[in-house]
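Student: File upload26.cif below, mmCIF, C-alpha atoms:
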data_start
loop_
_atom_site.label_atom_id
_atom_site.label_comp_id
_atom_site.auth_asym_id
_atom_site.auth_seq_id
_atom_site.Cartn_x
_atom_site.Cartn_y
_atom_site.Cartn_z
CA MET C 1 161.10 24.78 87.17
CA ILE C 2 164.74 23.69 87.23
CA ASN C 3 165.43 19.95 87.46
CA GLN C 4 167.51 18.64 90.37
CA GLY C 5 170.60 17.79 88.27
CA ARG C 6 170.72 21.29 86.76
CA LEU C 7 170.19 22.85 90.20
CA GLN C 8 173.20 20.95 91.61
CA GLU C 9 175.29 22.09 88.66
CA LEU C 10 174.26 25.70 89.33
CA GLN C 11 175.06 25.30 93.04
CA LYS C 12 178.56 24.13 92.13
CA LEU C 13 179.00 27.12 89.81
CA LEU C 14 177.86 29.46 92.60
CA GLU C 15 180.25 27.88 95.10
CA GLN C 16 183.12 28.11 92.59
CA GLU C 17 182.34 31.79 91.92
CA LYS C 18 182.18 32.44 95.66
CA GLU C 19 185.64 30.91 96.18
CA GLU C 20 187.11 32.96 93.32
CA LEU C 21 185.60 36.19 94.69
CA LEU C 22 186.84 35.44 98.21
CA ALA C 23 190.33 34.93 96.76
CA VAL C 24 190.09 38.34 95.05
CA VAL C 25 188.96 39.98 98.29
CA GLU C 26 191.76 38.31 100.23
CA ARG C 27 194.36 39.40 97.66
CA LEU C 28 193.11 42.99 97.76
CA THR C 29 192.82 43.22 101.53
CA GLY C 30 195.69 40.98 102.60
CA PRO C 31 199.08 42.09 103.94
CA GLY C 32 200.14 45.35 102.30
CA GLY C 33 196.72 45.61 100.66
CA LEU C 34 193.80 47.94 101.13
CA GLU C 35 193.27 47.14 104.81
CA THR C 36 196.73 48.61 105.45
CA PRO C 37 196.77 52.42 105.72
CA ALA C 38 198.16 54.01 102.55
CA ASP C 39 201.07 55.64 104.34
CA GLU C 40 202.14 52.29 105.82
CA ALA C 41 201.78 50.36 102.57
CA GLU C 42 204.06 52.78 100.71
CA ARG C 43 206.41 53.57 103.60
CA GLU C 44 210.06 54.19 102.89
CA LEU C 45 212.82 55.60 105.03
CA SER C 46 212.71 58.73 102.97
CA ALA C 47 210.32 60.07 100.37
CA TYR C 48 213.00 62.49 99.18
CA ASP C 49 213.73 60.61 95.96
CA ASN C 50 210.07 60.06 94.99
CA HIS C 51 208.63 62.11 92.19
CA PRO C 52 205.13 63.56 92.77
CA ALA C 53 203.86 61.56 89.80
CA ASP C 54 204.81 58.38 91.66
CA TYR C 55 202.38 59.33 94.41
CA GLY C 56 199.71 59.97 91.78
CA SER C 57 200.29 56.53 90.30
CA GLN C 58 200.09 54.93 93.73
CA MET C 59 196.85 56.78 94.46
CA TYR C 60 195.39 55.71 91.12
CA GLU C 61 196.25 52.06 91.75
CA ARG C 62 194.80 52.21 95.25
CA SER C 63 191.54 53.76 94.05
CA LYS C 64 191.32 51.17 91.26
CA ASP C 65 191.78 48.40 93.83
CA LEU C 66 189.09 49.95 96.01
CA GLY C 67 186.71 49.82 93.05
CA LEU C 68 187.60 46.18 92.39
CA LEU C 69 187.08 45.35 96.06
CA GLN C 70 183.68 47.05 96.09
CA ALA C 71 182.63 45.14 92.94
CA ALA C 72 183.84 41.81 94.38
CA ARG C 73 181.93 42.37 97.62
CA LYS C 74 178.78 43.26 95.68
CA GLN C 75 179.12 40.08 93.62
CA LEU C 76 179.63 38.05 96.82
CA ALA C 77 176.38 39.47 98.17
CA GLU C 78 174.65 38.47 94.92
CA VAL C 79 176.05 34.93 95.23
CA ALA C 80 174.79 34.72 98.82
CA GLU C 81 171.37 35.99 97.69
CA ALA C 82 171.22 33.30 94.97
CA GLN C 83 172.29 30.60 97.44
CA GLU C 84 169.57 31.75 99.83
CA ALA C 85 167.03 31.55 96.98
CA ILE C 86 168.12 27.95 96.37
CA ARG C 87 167.60 27.13 100.07
CA LYS C 88 164.14 28.73 99.98
CA GLY C 89 163.21 26.98 96.74
CA SER C 90 162.69 30.23 94.81
CA TYR C 91 165.85 30.07 92.69
CA GLY C 92 165.17 30.54 88.99
CA ILE C 93 162.17 32.80 89.62
CA CYS C 94 162.63 36.55 89.07
CA GLN C 95 162.45 38.33 92.43
CA SER C 96 160.93 41.37 90.76
CA CYS C 97 158.22 40.12 88.39
CA GLY C 98 157.86 36.46 89.46
CA GLN C 99 158.46 35.07 85.96
CA PRO C 100 160.82 32.12 85.40
CA ILE C 101 164.42 33.02 84.56
CA PRO C 102 165.62 31.10 81.47
CA GLU C 103 168.15 28.34 82.20
CA GLU C 104 170.55 29.84 79.66
CA ARG C 105 170.69 33.02 81.74
CA LEU C 106 171.22 31.07 84.96
CA LEU C 107 174.05 29.06 83.38
CA ALA C 108 175.69 32.24 82.07
CA LEU C 109 175.22 34.17 85.33
CA PRO C 110 174.35 31.77 88.18
CA ARG C 111 174.15 34.55 90.79
CA THR C 112 171.30 36.32 89.02
CA VAL C 113 167.91 36.57 90.70
CA LEU C 114 166.33 38.82 88.06
CA CYS C 115 165.14 38.16 84.53
CA VAL C 116 166.71 40.13 81.69
CA GLN C 117 163.87 42.67 81.45
CA CYS C 118 163.82 43.44 85.20
CA LYS C 119 167.63 43.70 85.28
CA LYS C 120 167.54 46.21 82.40
CA GLU C 121 164.91 48.26 84.22
CA ARG C 122 166.95 48.26 87.43
CA GLU C 123 170.11 49.31 85.58
CA THR C 124 168.20 52.15 83.90
CA GLU C 125 166.98 53.33 87.30
CA GLU C 126 170.53 53.19 88.69
CA GLN C 127 171.89 55.17 85.74
CA THR C 128 169.28 57.88 86.05
CA ALA C 129 169.76 58.21 89.80
CA ARG C 130 172.12 61.16 90.02
CA PRO C 131 173.58 62.89 93.08
CA VAL C 132 171.26 65.41 94.71
CA GLU C 133 173.91 68.09 94.28
CA GLU C 134 173.35 68.07 90.53
CA GLU C 135 169.75 69.17 90.99
CA ALA C 136 170.92 72.12 93.07
CA LEU C 137 173.41 73.07 90.36
CA ARG C 138 170.71 73.06 87.67
CA ARG C 139 168.33 75.25 89.65
CA PRO C 140 168.43 78.98 88.88
CA PRO C 141 169.30 81.30 91.74
CA GLU C 142 166.40 82.69 93.78
CA ALA C 143 164.79 85.91 92.56
CA GLY C 144 166.50 87.92 95.30
CA LEU C 145 169.99 86.91 94.24
CA ARG C 146 171.41 89.89 92.33
CA GLY C 147 167.82 90.88 91.56
CA ARG C 148 167.48 88.48 88.61
CA LEU C 149 164.33 86.50 87.98
CA ASP C 150 165.59 84.89 84.81
CA TYR C 151 168.92 83.19 85.27
CA ALA C 152 171.42 83.33 82.44
CA PHE C 153 175.11 82.76 82.85
CA ASP C 154 176.93 86.00 82.11
CA ARG C 155 180.35 84.91 80.89
CA ASP C 156 181.77 88.43 80.69
CA ALA C 157 180.70 89.30 84.23
CA ALA C 158 182.14 86.02 85.50
CA TRP C 159 185.47 86.74 83.78
CA GLU C 160 185.62 90.22 85.30
CA GLU C 161 185.07 88.80 88.77
CA VAL C 162 187.73 86.13 88.30
CA ALA C 163 190.22 88.50 86.64
CA GLU C 164 190.21 90.59 89.82
CA PHE C 165 192.43 87.90 91.32
CA GLY C 166 194.96 88.03 88.50
CA THR C 167 195.83 85.97 85.47
CA SER C 168 198.89 84.02 84.39
CA SER C 169 200.24 87.13 82.69
CA SER C 170 199.61 89.52 85.58
CA ARG C 171 201.42 89.85 88.87
CA GLN C 172 199.74 87.72 91.48
CA GLY C 173 198.56 89.26 94.71
CA ILE C 174 198.65 92.83 93.41
CA PRO C 175 195.26 94.45 92.82
CA SER C 176 194.67 95.46 89.19
CA GLN C 177 194.46 99.19 90.13
CA ILE C 178 198.01 99.09 91.47
CA GLN C 179 199.27 96.97 88.53
CA ASN C 180 198.02 99.61 86.10
CA ASN C 181 200.08 102.28 87.87
CA ILE C 182 203.32 100.27 88.07
CA GLY C 183 205.96 101.76 85.80
CA ARG C 184 204.08 104.98 85.20
CA GLU C 185 205.73 106.87 88.03
#
Could you express the structure from this file as structure tokens?

Tutor:
Amino acid sequence: MINQGRLQELQKLLEQEKEELLAVVERLTGPGGLETPADEAERELSAYDNHPADYGSQMYERSKDLGLLQAARKQLAEVAEAQEAIRKGSYGICQSCGQPIPEERLLALPRTVLCVQCKKERETEEQTARPVEEEALRRPPEAGLRGRLDYAFDRDAAWEEVAEFGTSSSRQGIPSQIQNNIGRE
């Protein structure tokens, strides 16, 4: 169990982290930030002189800021969860396995409510959780599709299907049968 002096120190660290995270959220969402629509934040009288790469850079920066905002909000939720655990008297006890969390871990990461082992297990679960679409992509087509029971990617057949639409060295929009006859007349 954590002694009262150490618990007050950890509460101060949690409150300090909360203030820092709120400042990050405010900076990211404040005037001209992420709460402002993208077209308003970057508005000019004319976009005529802007290079398309400038828009790409702006989009990159905005998506990076969205990621930072999401991370800050997640950390704020973790701080609130730790503060709630302090109020309930369960702070310093792993919420997953019920074992004590070492003081060194709490000092290093005051918002934690999991021991090292349980945190590793949770991270492993999160890493292995993949989008459901990936499972559909791995599944072979049904037996009725093109009459194949055993699915194997046929690279040559795929190329033939794609080449029907033209390549960088062929004339676009002209079927290959017509292209073959051009210049022979």

Student: Return as JSON, numbers by chain the set of residues that the PyMOL selection byres ((chain C and resi 79) around 10) yields on the displayed structure.

Tutor: {"C": [11, 13, 14, 15, 17, 18, 21, 73, 74, 75, 76, 77, 78, 80, 81, 82, 83, 84, 85, 109, 110, 111, 112, 113]}

Student: Do you have the atom CA of C:Gly56-atom CA of C:Leu68 distance handy?

Tutor: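 Atom-to-atom, atom CA of C:Gly56 to atom CA of C:Leu68, that is 18.4 Å.
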
Student: Could you jot down the atom CA of C:Gly30 to atom CA of C:Leu69 separation for me, Å, one decimal place?

Tutor: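 Going from atom CA of C:Gly30 over to atom CA of C:Leu69, I get 11.7 Å.
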
Student: For stretch 96-99 of chain C, list every protein, DNA or RNA residue within 10 Å, evaluated using all atoms listed in the file, and leave out those in the same chain fewer than 3 positions away; present the list as a PDB file with C-alpha atoms, in the coordinates of the input.

Tutor:
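See result_37.pdb below for the written result:
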ATOM      1  CA  SER C  90     162.690  30.230  94.810  1.00  0.00           C
ATOM      2  CA  GLY C  92     165.170  30.540  88.990  1.00  0.00           C
ATOM      3  CA  ILE C  93     162.170  32.800  89.620  1.00  0.00           C
ATOM      4  CA  PRO C 102     165.620  31.100  81.470  1.00  0.00           C
ATOM      5  CA  VAL C 113     167.910  36.570  90.700  1.00  0.00           C
ATOM      6  CA  LEU C 114     166.330  38.820  88.060  1.00  0.00           C
ATOM      7  CA  CYS C 115     165.140  38.160  84.530  1.00  0.00           C
ATOM      8  CA  GLN C 117     163.870  42.670  81.450  1.00  0.00           C
ATOM      9  CA  CYS C 118     163.820  43.440  85.200  1.00  0.00           C
ATOM     10  CA  LYS C 119     167.630  43.700  85.280  1.00  0.00           C
ATOM     11  CA  ARG C 122     166.950  48.260  87.430  1.00  0.00           C
TER      12      ARG C 122
END

Student: I'd like the interatomic distance between atom CA of C:Leu34 and atom CA of C:Ala53, to a tenth of an Å.

Tutor: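 Between atom CA of C:Leu34 and atom CA of C:Ala53 the gap works out to 20.4 Å.
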
Student: Restricting the calculation to all atoms listed in the file: of C:Gly33, C:Leu106, C:Arg87, C:Gln70, which residue gets closest to C:Glu9?

Tutor: C:Leu106

Student: Using only C-alpha atoms, can you tell me which of C:Val132, C:Asp54, C:Asp65, C:Tyr91 comes closest to C:Arg27?

Tutor: C:Asp65

Student: Please complete stretch 55-66 of chain C with all heavy atoms and give it back as a compact mmCIF listing (two decimals), keeping the file's coordinate frame.

Tutor:
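And here's rebuild34.txt as it stands now:
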# COMPACT_ATOMS: atom_id res chain seq x y z
N TYR C 55 203.48 59.33 93.45
CA TYR C 55 202.38 59.33 94.41
C TYR C 55 201.04 59.30 93.69
O TYR C 55 200.10 58.64 94.13
CB TYR C 55 202.46 60.55 95.33
CG TYR C 55 203.63 60.50 96.27
CD1 TYR C 55 204.63 61.44 96.19
CD2 TYR C 55 203.73 59.50 97.22
CE1 TYR C 55 205.73 61.39 97.04
CE2 TYR C 55 204.81 59.43 98.08
CZ TYR C 55 205.81 60.39 97.98
OH TYR C 55 206.88 60.33 98.83
N GLY C 56 200.94 59.99 92.57
CA GLY C 56 199.71 59.97 91.78
C GLY C 56 199.42 58.57 91.25
O GLY C 56 198.28 58.11 91.28
N SER C 57 200.46 57.89 90.79
CA SER C 57 200.29 56.53 90.30
C SER C 57 199.85 55.59 91.42
O SER C 57 198.98 54.74 91.22
CB SER C 57 201.60 56.01 89.69
OG SER C 57 201.94 56.77 88.57
N GLN C 58 200.46 55.76 92.59
CA GLN C 58 200.09 54.93 93.73
C GLN C 58 198.64 55.19 94.14
O GLN C 58 197.89 54.25 94.43
CB GLN C 58 201.02 55.20 94.91
CG GLN C 58 202.42 54.72 94.68
CD GLN C 58 203.40 55.25 95.73
OE1 GLN C 58 203.03 56.01 96.60
NE2 GLN C 58 204.65 54.84 95.60
N MET C 59 198.22 56.44 94.11
CA MET C 59 196.85 56.78 94.46
C MET C 59 195.87 56.20 93.44
O MET C 59 194.81 55.69 93.80
CB MET C 59 196.70 58.30 94.55
CG MET C 59 195.33 58.74 95.02
SD MET C 59 194.93 58.20 96.69
CE MET C 59 196.01 59.26 97.62
N TYR C 60 196.23 56.27 92.17
CA TYR C 60 195.39 55.71 91.12
C TYR C 60 195.22 54.21 91.33
O TYR C 60 194.10 53.68 91.27
CB TYR C 60 195.99 55.99 89.74
CG TYR C 60 195.34 55.20 88.64
CD1 TYR C 60 194.09 55.57 88.15
CD2 TYR C 60 195.93 54.06 88.13
CE1 TYR C 60 193.46 54.83 87.16
CE2 TYR C 60 195.31 53.31 87.14
CZ TYR C 60 194.08 53.70 86.66
OH TYR C 60 193.47 52.95 85.69
N GLU C 61 196.31 53.51 91.55
CA GLU C 61 196.25 52.06 91.75
C GLU C 61 195.42 51.70 92.97
O GLU C 61 194.63 50.76 92.95
CB GLU C 61 197.67 51.47 91.89
CG GLU C 61 198.46 51.47 90.61
CD GLU C 61 197.84 50.63 89.51
OE1 GLU C 61 197.24 49.57 89.80
OE2 GLU C 61 197.94 51.05 88.34
N ARG C 62 195.57 52.48 94.03
CA ARG C 62 194.80 52.21 95.25
C ARG C 62 193.31 52.44 95.01
O ARG C 62 192.48 51.63 95.44
CB ARG C 62 195.31 53.09 96.39
CG ARG C 62 194.73 52.71 97.75
CD ARG C 62 195.53 53.38 98.86
NE ARG C 62 194.99 53.13 100.15
CZ ARG C 62 195.26 52.08 100.91
NH1 ARG C 62 196.11 51.17 100.48
NH2 ARG C 62 194.71 51.93 102.10
N SER C 63 192.95 53.51 94.30
CA SER C 63 191.54 53.76 94.05
C SER C 63 190.96 52.71 93.10
O SER C 63 189.80 52.31 93.24
CB SER C 63 191.32 55.17 93.51
OG SER C 63 191.93 55.33 92.27
N LYS C 64 191.76 52.24 92.15
CA LYS C 64 191.32 51.17 91.26
C LYS C 64 191.05 49.90 92.07
O LYS C 64 190.03 49.24 91.89
CB LYS C 64 192.37 50.91 90.18
CG LYS C 64 191.98 49.85 89.18
CD LYS C 64 193.06 49.60 88.17
CE LYS C 64 194.19 48.89 88.87
NZ LYS C 64 195.26 48.40 88.04
N ASP C 65 191.96 49.57 92.98
CA ASP C 65 191.78 48.40 93.83
C ASP C 65 190.56 48.53 94.72
O ASP C 65 189.85 47.55 94.97
CB ASP C 65 193.03 48.15 94.67
CG ASP C 65 194.21 47.64 93.84
OD1 ASP C 65 193.99 47.24 92.68
OD2 ASP C 65 195.34 47.65 94.37
N LEU C 66 190.29 49.73 95.20
CA LEU C 66 189.09 49.95 96.01
C LEU C 66 187.83 49.68 95.18
O LEU C 66 186.87 49.08 95.68
CB LEU C 66 189.06 51.37 96.58
CG LEU C 66 189.97 51.63 97.76
CD1 LEU C 66 190.06 53.12 98.06
CD2 LEU C 66 189.50 50.87 98.99
